[in-house]
Amino acid sequence: MKVIKVNNVNDAFNEGVALFQLAGNYRKQESRNGVTLEANEPVTTVYARPWERVLFDKTRDANPFFHLIEAIWMIAGSHELDPIIKFNAGMVQFSDDGETLNGAYGYRWMNQFDFDQIPYIINILKQDPDSRRAVLQMWDAVNDLENSSKDVPCNTNIYFKIRDNKLQMTVCNRSNDMIWGAYGANVVHMSVLQEYIAAALGVEMGTYYQVSDSFHIYENPQWEKLKNNARLGILTKFMWYPSTLPLVSHSESFVYECQHFIERLCKLNWNLDTNTFDSVSYRNSFFNKVLEPMVNAFICHKERNYVKAQQFISEIKADDWEAACTNWIHARRTNYENKNG
C-alpha cells in the first residue's frame, strides 16, 4: 500500500504526478477507455486539511465552477443531468438515457436504497460518538455487478468516525483516475460531504483518507504535458493556501438549501442578460457569498463577457474559490481573444 500524506489537494497532485514519473511505480494496463498507467499497489491519500479542496495547477486547469456545483448537486440528492451539464457539457457522455446519471453519488446516498442514509449516519454518531458502524454505501451489488451502464460508481463506500472530537472520513474507491477523479472532482465532492456531516454533529473536520484500489492515469496529451512540466520543475507549487470560508453555517437547513439552489439552476434562462441569477437570502451564507457570484460569473463566461465575469468573481468571499475562478476564466478569455484577434 502506497501512502501519500499531505495537507491539501495541491500537495497531493504534485505527489501523484511524481509517483508516475518512475516506471517502477506502475504498470501499463488496458482499460475500456484506453491504456492506463496503474500504480503497482493501492494508494491511500491522507489529507490533514481537507477543507483546502481547491486545485490550482494551471496545467491541470480544473474547472472550479463545475466541481463545486456538482458537490452541491450531490448533497441535494439529485441524479438529473440538467443542472450540471450547464457547467460541463461532457457529462452527457456518461448518461445512459440523456437525462440522468446512473452512478450519481448524492442520489445513491439519499435514494438508491429507498431511504436517505445520511440522517442515519448523523444519528448513529450523535448517539454513540465512538461507533464504528457509520458506513455510507454507494455500491449496489444487485444493480452494479454485471451492469453495462456507462456510469457505475467508482467510489463504493465511506466510513465515518469521531476521534478527538473531529470527524474522520475514509472513502473507498475501486478505480481512481488521479488527474480527473482523485485530485480533481473527488476531493471536492467528498470533503464537502465531510464538512456538512461534521457541522451537523457539531465537531471539527478531521483527517480525510482516500483509499484508491486502482490508482491510475491515462496516457494522453494532458499527461504528457504534466509529465514534461514536472520534469522541468514548473508544476504549480504553493507555499500557502488562500483563506477559506466555512461551507455550512446552519446545518439543519443545508440539504434543503442545496436542493433549492439546484432547482433555481434548472429554472435559470441562460439566454437572458448576465445578471439573471438574482440573489436569494440563505441561512447558509456560503450560497450568497460564493455560489451565487460564481454562477453569474459563469453565465458571463458563456456570453463571452469576461469583464463582467471578473466583476462577479471579485464578489466571491472565499479567497480559494475566487483565485481558482479567476485563473480559469482568464485562461478562457486568453484563448478566446487569441482565436478571435
# chains A, B, ... in the order shown; residues from 1 in each chain; ligands from 1
>>> closest_atom_pairs(of="stretch 147-233 of chain A", to="stretch 33-56 of chain A", cutoff="8 Å", atoms="only C-alpha atoms", output="tab-separated table")
residue	atom	partner	partner_atom	distance
A:Tyr183	CA	A:Leu55	CA	7.6
A:Gly184	CA	A:Leu55	CA	6.9
A:Val187	CA	A:Arg53	CA	6.2
A:Val188	CA	A:Arg53	CA	5.5
A:Ser191	CA	A:Pro50	CA	5.9
A:Val192	CA	A:Trp51	CA	7.8
A:Glu195	CA	A:Trp51	CA	7.5
A:Met205	CA	A:Pro50	CA	7.7
A:Gly206	CA	A:Ala48	CA	7.2
A:Thr207	CA	A:Ala48	CA	5.1
A:Tyr208	CA	A:Tyr47	CA	5.1
A:Tyr209	CA	A:Val46	CA	4.7
A:Gln210	CA	A:Thr45	CA	5.1
A:Val211	CA	A:Thr44	CA	4.4
A:Ser212	CA	A:Val43	CA	5.2
A:Asp213	CA	A:Pro42	CA	4.4
A:Ser214	CA	A:Pro42	CA	6.1
A:Phe215	CA	A:Ala39	CA	5.6
A:His216	CA	A:Glu38	CA	4.2
A:Ile217	CA	A:Leu37	CA	5.4
A:Tyr218	CA	A:Thr36	CA	4.4
A:Glu219	CA	A:Thr36	CA	5.8
>>> write_last_selection(atoms="C-alpha atoms", output="PDB file, in the first residue's frame")
ATOM      1  CA  TYR A 183      -7.203  15.019  -7.197  1.00  0.00           C
ATOM      2  CA  GLY A 184      -9.855  16.803  -9.216  1.00  0.00           C
ATOM      3  CA  VAL A 187     -11.624  15.643  -3.278  1.00  0.00           C
ATOM      4  CA  VAL A 188     -14.157  18.455  -3.622  1.00  0.00           C
ATOM      5  CA  SER A 191     -14.713  16.885   1.559  1.00  0.00           C
ATOM      6  CA  VAL A 192     -17.930  18.891   1.111  1.00  0.00           C
ATOM      7  CA  GLU A 195     -17.797  19.246   6.182  1.00  0.00           C
ATOM      8  CA  MET A 205     -13.375  18.223  10.300  1.00  0.00           C
ATOM      9  CA  GLY A 206     -10.660  15.664  10.879  1.00  0.00           C
ATOM     10  CA  THR A 207      -8.468  13.645   8.551  1.00  0.00           C
ATOM     11  CA  TYR A 208      -9.810  12.522   5.184  1.00  0.00           C
ATOM     12  CA  TYR A 209      -8.441   9.213   3.888  1.00  0.00           C
ATOM     13  CA  GLN A 210      -8.948   8.310   0.215  1.00  0.00           C
ATOM     14  CA  VAL A 211      -8.220   4.627  -0.472  1.00  0.00           C
ATOM     15  CA  SER A 212      -7.824   4.069  -4.232  1.00  0.00           C
ATOM     16  CA  ASP A 213      -7.560   0.429  -5.297  1.00  0.00           C
ATOM     17  CA  SER A 214      -6.743   1.052  -8.973  1.00  0.00           C
ATOM     18  CA  PHE A 215      -4.902   4.377  -8.887  1.00  0.00           C
ATOM     19  CA  HIS A 216      -4.067   5.366 -12.439  1.00  0.00           C
ATOM     20  CA  ILE A 217      -3.636   7.981 -15.143  1.00  0.00           C
ATOM     21  CA  TYR A 218      -4.483   7.747 -18.833  1.00  0.00           C
ATOM     22  CA  GLU A 219      -1.764   8.049 -21.459  1.00  0.00           C
TER      23      GLU A 219
END
>>> select_by_dssp(residues="stretch 121-289 of chain A", states="helix (DSSP H, G or I)", output="ChimeraX atom specification")
/A:121-127,141-144,178-201,221-232,251-267,286-289
>>> write_last_selection(atoms="C-alpha atoms", output="PDB file, in the first residue's frame")
ATOM      1  CA  ILE A 121     -25.117   8.327   9.749  1.00  0.00           C
ATOM      2  CA  ILE A 122     -25.526  11.561  11.713  1.00  0.00           C
ATOM      3  CA  ASN A 123     -27.833   9.975  14.280  1.00  0.00           C
ATOM      4  CA  ILE A 124     -25.544   6.969  14.828  1.00  0.00           C
ATOM      5  CA  LEU A 125     -22.623   9.253  15.643  1.00  0.00           C
ATOM      6  CA  LYS A 126     -24.734  11.541  17.804  1.00  0.00           C
ATOM      7  CA  GLN A 127     -25.960   8.600  19.851  1.00  0.00           C
ATOM      8  CA  ALA A 141     -24.416  -5.152  -5.746  1.00  0.00           C
ATOM      9  CA  VAL A 142     -27.861  -6.009  -7.101  1.00  0.00           C
ATOM     10  CA  ASN A 143     -27.698  -3.361  -9.812  1.00  0.00           C
ATOM     11  CA  ASP A 144     -23.982  -2.745 -10.335  1.00  0.00           C
ATOM     12  CA  MET A 178      -5.562  10.569 -10.418  1.00  0.00           C
ATOM     13  CA  ILE A 179      -5.874  13.628 -12.666  1.00  0.00           C
ATOM     14  CA  TRP A 180      -9.622  13.923 -13.228  1.00  0.00           C
ATOM     15  CA  GLY A 181     -11.000  11.951 -10.287  1.00  0.00           C
ATOM     16  CA  ALA A 182      -8.882  11.612  -7.162  1.00  0.00           C
ATOM     17  CA  TYR A 183      -7.203  15.019  -7.197  1.00  0.00           C
ATOM     18  CA  GLY A 184      -9.855  16.803  -9.216  1.00  0.00           C
ATOM     19  CA  ALA A 185     -13.544  16.218  -8.636  1.00  0.00           C
ATOM     20  CA  ASN A 186     -13.478  13.591  -5.863  1.00  0.00           C
ATOM     21  CA  VAL A 187     -11.624  15.643  -3.278  1.00  0.00           C
ATOM     22  CA  VAL A 188     -14.157  18.455  -3.622  1.00  0.00           C
ATOM     23  CA  HIS A 189     -17.223  16.199  -3.538  1.00  0.00           C
ATOM     24  CA  MET A 190     -16.191  14.112  -0.561  1.00  0.00           C
ATOM     25  CA  SER A 191     -14.713  16.885   1.559  1.00  0.00           C
ATOM     26  CA  VAL A 192     -17.930  18.891   1.111  1.00  0.00           C
ATOM     27  CA  LEU A 193     -19.885  15.888   2.401  1.00  0.00           C
ATOM     28  CA  GLN A 194     -17.450  15.559   5.318  1.00  0.00           C
ATOM     29  CA  GLU A 195     -17.797  19.246   6.182  1.00  0.00           C
ATOM     30  CA  TYR A 196     -21.591  19.027   6.181  1.00  0.00           C
ATOM     31  CA  ILE A 197     -21.739  15.940   8.402  1.00  0.00           C
ATOM     32  CA  ALA A 198     -19.132  17.408  10.785  1.00  0.00           C
ATOM     33  CA  ALA A 199     -21.231  20.577  11.089  1.00  0.00           C
ATOM     34  CA  ALA A 200     -24.379  18.540  11.717  1.00  0.00           C
ATOM     35  CA  LEU A 201     -22.544  16.727  14.512  1.00  0.00           C
ATOM     36  CA  PRO A 221      -1.589  14.626 -24.270  1.00  0.00           C
ATOM     37  CA  GLN A 222      -2.511  16.229 -20.956  1.00  0.00           C
ATOM     38  CA  TRP A 223      -0.482  13.643 -19.051  1.00  0.00           C
ATOM     39  CA  GLU A 224       2.468  14.258 -21.371  1.00  0.00           C
ATOM     40  CA  LYS A 225       2.253  17.980 -20.651  1.00  0.00           C
ATOM     41  CA  LEU A 226       2.045  17.398 -16.890  1.00  0.00           C
ATOM     42  CA  LYS A 227       4.955  14.983 -17.056  1.00  0.00           C
ATOM     43  CA  ASN A 228       7.082  17.448 -19.009  1.00  0.00           C
ATOM     44  CA  ASN A 229       6.249  20.280 -16.630  1.00  0.00           C
ATOM     45  CA  ALA A 230       7.210  18.094 -13.679  1.00  0.00           C
ATOM     46  CA  ARG A 231      10.500  17.201 -15.316  1.00  0.00           C
ATOM     47  CA  LEU A 232      11.185  20.890 -15.926  1.00  0.00           C
ATOM     48  CA  SER A 251     -26.628  22.547   9.197  1.00  0.00           C
ATOM     49  CA  GLU A 252     -30.353  21.971   9.758  1.00  0.00           C
ATOM     50  CA  SER A 253     -31.244  23.778   6.537  1.00  0.00           C
ATOM     51  CA  PHE A 254     -28.177  22.909   4.465  1.00  0.00           C
ATOM     52  CA  VAL A 255     -29.601  19.986   2.478  1.00  0.00           C
ATOM     53  CA  TYR A 256     -32.828  21.874   1.761  1.00  0.00           C
ATOM     54  CA  GLU A 257     -30.865  24.909   0.603  1.00  0.00           C
ATOM     55  CA  CYS A 258     -28.711  22.738  -1.671  1.00  0.00           C
ATOM     56  CA  GLN A 259     -31.911  21.358  -3.205  1.00  0.00           C
ATOM     57  CA  HIS A 260     -33.366  24.846  -3.565  1.00  0.00           C
ATOM     58  CA  PHE A 261     -30.190  26.117  -5.212  1.00  0.00           C
ATOM     59  CA  ILE A 262     -30.167  23.271  -7.738  1.00  0.00           C
ATOM     60  CA  GLU A 263     -33.851  23.875  -8.518  1.00  0.00           C
ATOM     61  CA  ARG A 264     -33.011  27.516  -9.250  1.00  0.00           C
ATOM     62  CA  LEU A 265     -30.284  26.418 -11.660  1.00  0.00           C
ATOM     63  CA  CYS A 266     -32.794  24.229 -13.508  1.00  0.00           C
ATOM     64  CA  LYS A 267     -35.159  27.181 -13.944  1.00  0.00           C
ATOM     65  CA  PHE A 286     -21.866  30.407   1.511  1.00  0.00           C
ATOM     66  CA  PHE A 287     -24.632  30.336  -1.099  1.00  0.00           C
ATOM     67  CA  ASN A 288     -24.815  34.131  -1.218  1.00  0.00           C
ATOM     68  CA  LYS A 289     -21.143  34.854  -0.705  1.00  0.00           C
TER      69      LYS A 289
END
>>> closest_residue(among="A:Asn269, A:Ser243, A:Asn338, A:Ser78", to="A:Met110", atoms="only C-alpha atoms")
A:Ser78
>>> select_by_dssp(residues="stretch 9-217 of chain A", states="strand (DSSP E)", output="ChimeraX atom specification")
/A:26-29,36-39,43-47,134-137,155-163,166-177,204-217
>>> closest_residue(among="A:Ile4, A:Ala62, A:Leu81, A:Met169", to="A:Leu19", atoms="only C-alpha atoms")
A:Ile4
>>> residues_around(residues="A:Asn305", least_positions_apart="6", cutoff="12 Å", atoms="only C-alpha atoms", output="ChimeraX atom specification")
/A:273-275,296-299,311-312,329-330,332-333,336-337
>>> write_last_selection(atoms="N, CA and C atoms", output="short mmCIF file (atom, residue, chain, number, x, y, z; two decimals), in the first residue's frame")
data_model
loop_
_atom_site.label_atom_id
_atom_site.label_comp_id
_atom_site.auth_asym_id
_atom_site.auth_seq_id
_atom_site.Cartn_x
_atom_site.Cartn_y
_atom_site.Cartn_z
N ASP A 273 -30.00 38.29 -19.89
CA ASP A 273 -28.87 39.13 -19.52
C ASP A 273 -28.00 38.44 -18.48
N THR A 274 -26.79 38.96 -18.30
CA THR A 274 -25.82 38.28 -17.46
C THR A 274 -26.13 38.31 -15.97
N ASN A 275 -27.04 39.14 -15.53
CA ASN A 275 -27.33 39.22 -14.09
C ASN A 275 -28.68 38.60 -13.74
N ASN A 296 -23.15 33.55 -11.64
CA ASN A 296 -23.24 34.73 -12.51
C ASN A 296 -21.97 34.92 -13.34
N ALA A 297 -20.82 34.65 -12.74
CA ALA A 297 -19.57 34.75 -13.50
C ALA A 297 -19.54 33.74 -14.63
N PHE A 298 -20.05 32.54 -14.36
CA PHE A 298 -20.04 31.50 -15.40
C PHE A 298 -20.99 31.87 -16.53
N ILE A 299 -22.15 32.44 -16.21
CA ILE A 299 -23.08 32.90 -17.24
C ILE A 299 -22.39 33.94 -18.13
N GLN A 311 -15.94 40.88 -12.66
CA GLN A 311 -16.60 41.69 -11.65
C GLN A 311 -17.36 40.80 -10.67
N PHE A 312 -18.05 39.79 -11.20
CA PHE A 312 -18.77 38.86 -10.32
C PHE A 312 -17.78 38.04 -9.48
N ILE A 329 -11.21 31.52 -15.68
CA ILE A 329 -11.81 32.48 -16.60
C ILE A 329 -10.74 33.18 -17.43
N HIS A 330 -9.63 33.53 -16.79
CA HIS A 330 -8.53 34.19 -17.51
C HIS A 330 -8.02 33.31 -18.65
N ARG A 332 -9.71 31.04 -20.31
CA ARG A 332 -10.71 31.02 -21.39
C ARG A 332 -10.72 32.34 -22.15
N ARG A 333 -10.58 33.42 -21.42
CA ARG A 333 -10.56 34.73 -22.08
C ARG A 333 -9.36 34.84 -23.02
N TYR A 336 -9.95 32.68 -26.09
CA TYR A 336 -10.96 33.26 -26.97
C TYR A 336 -10.41 34.46 -27.73
N GLU A 337 -9.69 35.32 -27.03
CA GLU A 337 -9.17 36.52 -27.69
C GLU A 337 -8.07 36.19 -28.68
#
>>> closest_residue(among="A:Arg32, A:Arg163, A:Val135, A:Ala23", to="A:Ser148", atoms="only C-alpha atoms")
A:Arg32
>>> residues_around(residues="A:Met91", least_positions_apart="5", cutoff="9 Å", atoms="only C-alpha atoms", output="MDAnalysis selection string")
chainID A and resid 81 84:85 101
>>> write_last_selection(atoms="N, CA and C atoms", output="PDB file, in the first residue's frame")
ATOM      1  N   LEU A  81     -29.282  15.266 -15.045  1.00  0.00           N
ATOM      2  CA  LEU A  81     -28.161  15.856 -15.771  1.00  0.00           C
ATOM      3  C   LEU A  81     -28.264  17.367 -15.912  1.00  0.00           C
ATOM      4  N   ILE A  84     -26.042  20.134 -14.097  1.00  0.00           N
ATOM      5  CA  ILE A  84     -24.578  20.104 -14.157  1.00  0.00           C
ATOM      6  C   ILE A  84     -24.019  20.177 -15.569  1.00  0.00           C
ATOM      7  N   ILE A  85     -24.802  19.790 -16.590  1.00  0.00           N
ATOM      8  CA  ILE A  85     -24.246  19.882 -17.943  1.00  0.00           C
ATOM      9  C   ILE A  85     -24.123  21.337 -18.381  1.00  0.00           C
ATOM     10  N   LEU A 101     -27.879  10.334 -14.424  1.00  0.00           N
ATOM     11  CA  LEU A 101     -26.629   9.588 -14.265  1.00  0.00           C
ATOM     12  C   LEU A 101     -26.882   8.407 -13.333  1.00  0.00           C
TER      13      LEU A 101
END
>>> atom_distance(atom1="atom CA of A:Pro293", atom2="atom CA of A:Ala318")
11.0 Å
>>> atom_distance(atom1="atom CA of A:Phe277", atom2="atom CA of A:Asn340")
28.3 Å
